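Contents: one structure, followed by commentary.
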Amino acid sequence: MKKVTYIFIVLLMSSTFGCTDFMNITSKDTITDDGVWISPSSIMLFISNIYTDLTGPLYTLDGAGGQAPDVLFTDDFLQLGEGNSNKWNLFDFNASSAPINRWDDCYKTIRKANLGLAKIEVSAVLTDDAKTRLMGDLYFMRGLFYLELLRFYGGVPLIDKALDRQVDEIFYARATAEETLNFIIADLQKAADRLPVTLVDEELGRATRGAAIGMQAVAYLHAAGVIDAKYYKNAADIANIFITGELKDRYSLFQGGFMELFLEEFEHNSEVIFDIQFAYPYRFTGTQTVFAPPEPGDEGGYGWGKGNVSQELVDAFDMKDGTAFDWGNPEHAKAPYENRDKRFYSTVHYNGKPWKGKILYTSQNTPKNLELKSNPNGMYSLSKPSCTKTGYYMGKHMNEKVVCGYDNRGKGVGGGHNYIVLRFAEILLTFAEAENEVNGPTTAVYNAIKLIRDRAGQPPLPAGLDKDSMRERIRKERRIELALEGKRFLDLVRWRTAEEVLNQNLSACLVTYVEKEGEIVPTYQVIKDVCKKAFIAPKNYLWPIPQGAINKNAALEQNPMW
């Protein structure tokens with residue numbers, strides 16, 4: 001059903017989200033502003049168009065657009081040596097040149113949501129039930145976009161109605177961060193009160209009650225770090241709705257494989273609470289083209305190989321027996337990619353990994369090329385654009401069945417997998433973190449983490465951890481479980497650890513094949529400071545409001561030190 005739905009939507013408005021009303025739409029190329037509100041089907045197109053806004057300013061891994069903070073700024077993944085990437089690693093920009101402009105994009109969508117809420121409430125063509133449902137969609141989206149503004153800018157102007165320049169004051173001052181949080185929670189609650197618990201197939205991709213409640217937990221967890229620790233209790237209570245409350249058993253951890261969890265063939269599985277819809281060939285993501293390694297041994301290339309996993313993230317994955325990986329351990333150092341946490345193999349492309357029916361080499365030479373001749377695409381090189389700079393590529397989100405082509409981005413090829421915004425594992429981690437902060441390492445905390453570690457084949461956490469030790473274990477678990485899903489940067493911000501973590505330069509692993517005692521074997525050398533990082537506190541904990549917005553609105557105050 002999803003594929004059929006996309007045919008209709010793309011022909012009409014390049015929209016994304018399915019609904020039964022879409023099947024009754026009369027085909028036309030454009031809809032005027034006045035024409036939007038004259039029929040249920042055209043109103044649904046308006047709602048669908050708002051959902052598509054999620055893929056630009058909020059949730060994307062496509063670093064080519066400069067939109068992904070986990071790609072540009074964290075200690076897990078890096079771009080190096082191209083464009084402004086070095087400046088971004090050093091936070092070397094200003095209010096006129098920031099690589100991420102959430103401000104304008106978010107307010108554009110908020111204006112649309114406000115217009116939709118006003119028009120739908122008085123609509124004469126919609127039933128009361130339809131009004132309730134569609135307003136639920138819009139409250140959810142408005143809350144989501146204000147949450148993004150809060151996370152990047154702090155307190156922001158709160159605009160809750162469609163403004164008329166002729167009669168309304170259009171230049172608002174900033175609300176406090178706490179006022180902004182309360183507004184977000186209220187919007188998400190209005191959404192939760194109006195949205196269904198489950199969706200029929202034709203509606204996949206729209207928000208549910210679970211999505212609205214889950215994003216409340218996300219908002220409270222962020223607020224606990226940046227506004228007031230009292231919000232940890234709210235985060236724990238809301239997340240617990242999924243564990244022991246009304247949404248118990250509605251969601252569960254997907255058991256069909258950790259890599260498979262993110263692939264198109266398994267989307268809408270039991271773990272997904274909210275995701276953004278893609279469907280090849282009607283609408284596809286460029287993530288795989290941008291970040292996938294070039295075809296192993298093929299100069300023609302497969303992906304662009306832009307951005308690479310850091311050695312720091314690789315080292316964070318434990319051994320499968322639960323002990324920490326240690327380069328000082330001779331057995332670990334001899335074979336660093338063996339006997340690791342199962343999630344490592346689904347998250348990272350590393351030297352010697354089977355990929356697309358071949359062996360992926362990220363080394364500086366291969367067993368057949370001990371003379372170190374010119375490197376094929378994809379192998380280690382600090383100078384060749386399509387070569388890994390760290391010895392690794394992104395593995396999560398990569399599908400062996402997808403053929404992108406090095407020079408084919410935007411030409412009808414790419415991945416069709418949905419982008420998961422919120423899944424049950426994150427809810428478990430949110431509950432564990434917040435509950436530990438409120439009550440310490442209770443049995444409920446241990447149980448939540450155990451569910452995640454059980455799926456990964458990892459042993460339970462050791463008994464008897466104190467609150468501080470449990471905090472560190474939860475943070476590490478979150479880093480591993482949610483790696484490369486766009487969560488890391490905001491975690492470092494709310495933990496207020498970015499000033500420590502992001503002032504540590506990142507490392508790589510140089511793999512070289514040598515001949516020893518008649519046998520060709522790989523050797524491993526950690527290369528320090530392959531990427532310089534910098535983070536100024538407290539300045540970089542918030543982003544600069546774009547200078548264009550400041551110039552237009554005299555009531556706006558810029559964030560400190562920008």
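Scheme for the structure tokens: letters A, B, ... for chains in order shown; per-chain residue numbers from 1; ligand numbers from 1 in order shown.
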Asp34 (chain A) surroundings by only C-alpha atoms, 12 Å radius, close-in-sequence under 5 positions cut, as a list in words =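 Contacts, in chain order: Ser39, Ser42, Ile43, Phe46 and Lys119 of chain A.
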Dump as a PDB file, in the first residue's frame, selection limited to C-alpha atoms:
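File produced: selection36.pdb:
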```pdb
ATOM      1  CA  SER A  39     -12.211  19.479   0.346  1.00  0.00           C
ATOM      2  CA  SER A  42      -6.831  18.845  -0.434  1.00  0.00           C
ATOM      3  CA  ILE A  43      -6.637  19.440   3.314  1.00  0.00           C
ATOM      4  CA  PHE A  46      -1.671  20.235   3.269  1.00  0.00           C
ATOM      5  CA  LYS A 119      -8.594  26.678   9.219  1.00  0.00           C
TER       6      LYS A 119
END
```
Which residues, written as a JSON list (two decimals) with N, CA, C and O atoms, in the first residue's frame, have at least one atom at most 9 Å from Tyr345 (chain A), with only C-alpha atoms counted and residues fewer than 6 positions away on the same chain left out?
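Final file, result_30.json:
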```
[["chain", "number", "residue", "atom", "x", "y", "z"],
["A", 259, "MET", "N", 20.95, -4.80, 12.48],
["A", 259, "MET", "CA", 21.09, -4.08, 11.22],
["A", 259, "MET", "C", 19.76, -4.03, 10.48],
["A", 259, "MET", "O", 19.38, -2.99, 9.91],
["A", 337, "TYR", "N", 38.65, -6.56, 15.78],
["A", 337, "TYR", "CA", 37.27, -6.64, 15.30],
["A", 337, "TYR", "C", 36.63, -8.00, 15.56],
["A", 337, "TYR", "O", 35.55, -8.28, 15.05],
["A", 353, "LYS", "N", 35.48, -6.70, 6.55],
["A", 353, "LYS", "CA", 34.05, -7.02, 6.68],
["A", 353, "LYS", "C", 33.48, -7.43, 5.34],
["A", 353, "LYS", "O", 33.71, -6.77, 4.33],
["A", 395, "GLY", "N", 28.10, 1.79, 8.98],
["A", 395, "GLY", "CA", 27.45, 0.52, 8.64],
["A", 395, "GLY", "C", 25.96, 0.59, 8.87],
["A", 395, "GLY", "O", 25.17, 0.04, 8.10],
["A", 396, "LYS", "N", 25.55, 1.24, 9.94],
["A", 396, "LYS", "CA", 24.12, 1.40, 10.23],
["A", 396, "LYS", "C", 23.47, 2.20, 9.11],
["A", 396, "LYS", "O", 24.07, 3.12, 8.55]]
```
DSSP helix (DSSP H, G or I) residues within region 48-251 of chain A, as a PyMOL selection string = chain A and resi 48-55+63-65+69-72+85-89+102-121+128-153+177-194+201-203+209-226+231-240
message = Measuring between only C-alpha atoms, which one of A:Tyr59, A:Phe73, A:Trp88, A:Tyr513 shows the shortest distance to Tyr419 (chain A)?
response =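 Counting only C-alpha atoms, the residue closest to Tyr419 (chain A) is A:Tyr59.
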message = Could you check the closest approach to Glu435 (chain A) for each of A:Ala124, A:Leu221, A:Ala236, A:Ile159 and tell me which residue wins, using only C-alpha atoms?
response =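 Smallest distance to Glu435 (chain A) is found for A:Ala236.
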inquiry  = Measuring between only C-alpha atoms, which one of A:Trp562, A:Tyr524, A:Trp495, A:Tyr51 shows the shortest distance to Ile276 (chain A)?
reply    =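 Once distances to Ile276 (chain A) are computed over only C-alpha atoms, the minimum belongs to A:Tyr51.
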query = Within 10 Å of Leu199 (chain A), counting only C-alpha atoms, which residues qualify if same-chain residues fewer than 6 places away don't, as number ranges by chain?
reply = A: 19, 205-208
Go ahead and write the residues just picked, N, CA and C atoms, as a tab-separated table (two decimals), in the first residue's frame.
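Output contents, as saved in result-v7.tsv:
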```
chain	number	residue	atom	x	y	z
A	19	CYS	N	-2.71	8.14	3.49
A	19	CYS	CA	-4.01	8.26	4.13
A	19	CYS	C	-5.03	7.75	3.15
A	205	GLY	N	3.21	6.36	8.86
A	205	GLY	CA	4.02	7.57	8.79
A	205	GLY	C	3.42	8.74	9.52
A	206	ARG	N	2.12	8.68	9.81
A	206	ARG	CA	1.50	9.75	10.59
A	206	ARG	C	1.76	9.49	12.08
A	207	ALA	N	1.60	10.53	12.86
A	207	ALA	CA	1.85	10.42	14.29
A	207	ALA	C	0.76	9.62	14.98
A	208	THR	N	1.12	9.01	16.09
A	208	THR	CA	0.19	8.27	16.94
A	208	THR	C	0.24	8.84	18.36
```
At a cut-off of 12 Å, can you tabulate as CSV every residue of region 271-353 of chain A near region 440-455 of chain A together with its closest atom pair and the distance in Å to one decimal, using only C-alpha atoms and ordering rows by chain then number?
```
residue,atom,partner,partner_atom,distance
A:Glu271,CA,A:Ile452,CA,11.7
A:Asp318,CA,A:Arg453,CA,11.4
A:Lys320,CA,A:Arg453,CA,10.5
A:Asp321,CA,A:Arg453,CA,11.4
A:Gly322,CA,A:Arg453,CA,9.7
A:Asp341,CA,A:Arg453,CA,9.4
A:Lys342,CA,A:Arg455,CA,9.0
A:Arg343,CA,A:Arg455,CA,9.4
```
Out of region 122-277 of chain A, which residues get strand (DSSP E or B) from DSSP, as a PDB file with all heavy atoms, in the first residue's frame?
```pdb
ATOM      1  N   VAL A 272       9.411   0.550  16.198  1.00  0.00           N
ATOM      2  CA  VAL A 272       9.317   1.908  15.682  1.00  0.00           C
ATOM      3  C   VAL A 272       8.113   2.621  16.282  1.00  0.00           C
ATOM      4  O   VAL A 272       6.975   2.168  16.172  1.00  0.00           O
ATOM      5  CB  VAL A 272       9.217   1.904  14.149  1.00  0.00           C
ATOM      6  CG1 VAL A 272       9.021   3.323  13.624  1.00  0.00           C
ATOM      7  CG2 VAL A 272      10.460   1.271  13.535  1.00  0.00           C
ATOM      8  N   ILE A 273       8.379   3.762  16.908  1.00  0.00           N
ATOM      9  CA  ILE A 273       7.321   4.599  17.461  1.00  0.00           C
ATOM     10  C   ILE A 273       6.968   5.731  16.501  1.00  0.00           C
ATOM     11  O   ILE A 273       5.811   6.064  16.305  1.00  0.00           O
ATOM     12  CB  ILE A 273       7.734   5.158  18.833  1.00  0.00           C
ATOM     13  CG1 ILE A 273       7.984   3.996  19.810  1.00  0.00           C
ATOM     14  CG2 ILE A 273       6.672   6.101  19.397  1.00  0.00           C
ATOM     15  CD1 ILE A 273       8.542   4.426  21.148  1.00  0.00           C
ATOM     16  N   PHE A 274       7.979   6.307  15.877  1.00  0.00           N
ATOM     17  CA  PHE A 274       7.728   7.328  14.846  1.00  0.00           C
ATOM     18  C   PHE A 274       8.891   7.332  13.877  1.00  0.00           C
ATOM     19  O   PHE A 274      10.054   7.311  14.284  1.00  0.00           O
ATOM     20  CB  PHE A 274       7.557   8.714  15.461  1.00  0.00           C
ATOM     21  CG  PHE A 274       7.212   9.776  14.448  1.00  0.00           C
ATOM     22  CD1 PHE A 274       5.997   9.738  13.782  1.00  0.00           C
ATOM     23  CD2 PHE A 274       8.103  10.797  14.151  1.00  0.00           C
ATOM     24  CE1 PHE A 274       5.672  10.703  12.828  1.00  0.00           C
ATOM     25  CE2 PHE A 274       7.788  11.771  13.202  1.00  0.00           C
ATOM     26  CZ  PHE A 274       6.570  11.726  12.541  1.00  0.00           C
ATOM     27  N   ASP A 275       8.579   7.345  12.587  1.00  0.00           N
ATOM     28  CA  ASP A 275       9.620   7.411  11.566  1.00  0.00           C
ATOM     29  C   ASP A 275       9.174   8.280  10.404  1.00  0.00           C
ATOM     30  O   ASP A 275       7.994   8.583  10.238  1.00  0.00           O
ATOM     31  CB  ASP A 275      10.048   6.018  11.096  1.00  0.00           C
ATOM     32  CG  ASP A 275       8.915   5.213  10.469  1.00  0.00           C
ATOM     33  OD1 ASP A 275       7.764   5.696  10.461  1.00  0.00           O
ATOM     34  OD2 ASP A 275       9.177   4.097   9.982  1.00  0.00           O
ATOM     35  N   ILE A 276      10.154   8.696   9.610  1.00  0.00           N
ATOM     36  CA  ILE A 276       9.910   9.522   8.435  1.00  0.00           C
ATOM     37  C   ILE A 276       9.923   8.621   7.216  1.00  0.00           C
ATOM     38  O   ILE A 276      10.827   7.806   7.032  1.00  0.00           O
ATOM     39  CB  ILE A 276      10.992  10.606   8.309  1.00  0.00           C
ATOM     40  CG1 ILE A 276      10.928  11.527   9.536  1.00  0.00           C
ATOM     41  CG2 ILE A 276      10.804  11.425   7.041  1.00  0.00           C
ATOM     42  CD1 ILE A 276      12.069  12.507   9.607  1.00  0.00           C
TER      43      ILE A 276
END
```
query = What is the CA of Lys334 (chain A)-CA of Ala456 (chain A) distance in Å, reported with one decimal?
reply =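 Distance reported for this atom pair: 23.6 Å.
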request  = Kindly give the distance, in Å, that separates CA of Asn49 (chain A) and CA of Met135 (chain A), rounded to a single decimal.
outcome  =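 It comes out at 14.5 Å.
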query = For Cys509 (chain A), which of A:Gln364, A:Ile420, A:Ala534, A:Pro546 is the closest residue, counting only C-alpha atoms?
reply =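 Of all the options, A:Gln364 lies closest to Cys509 (chain A).
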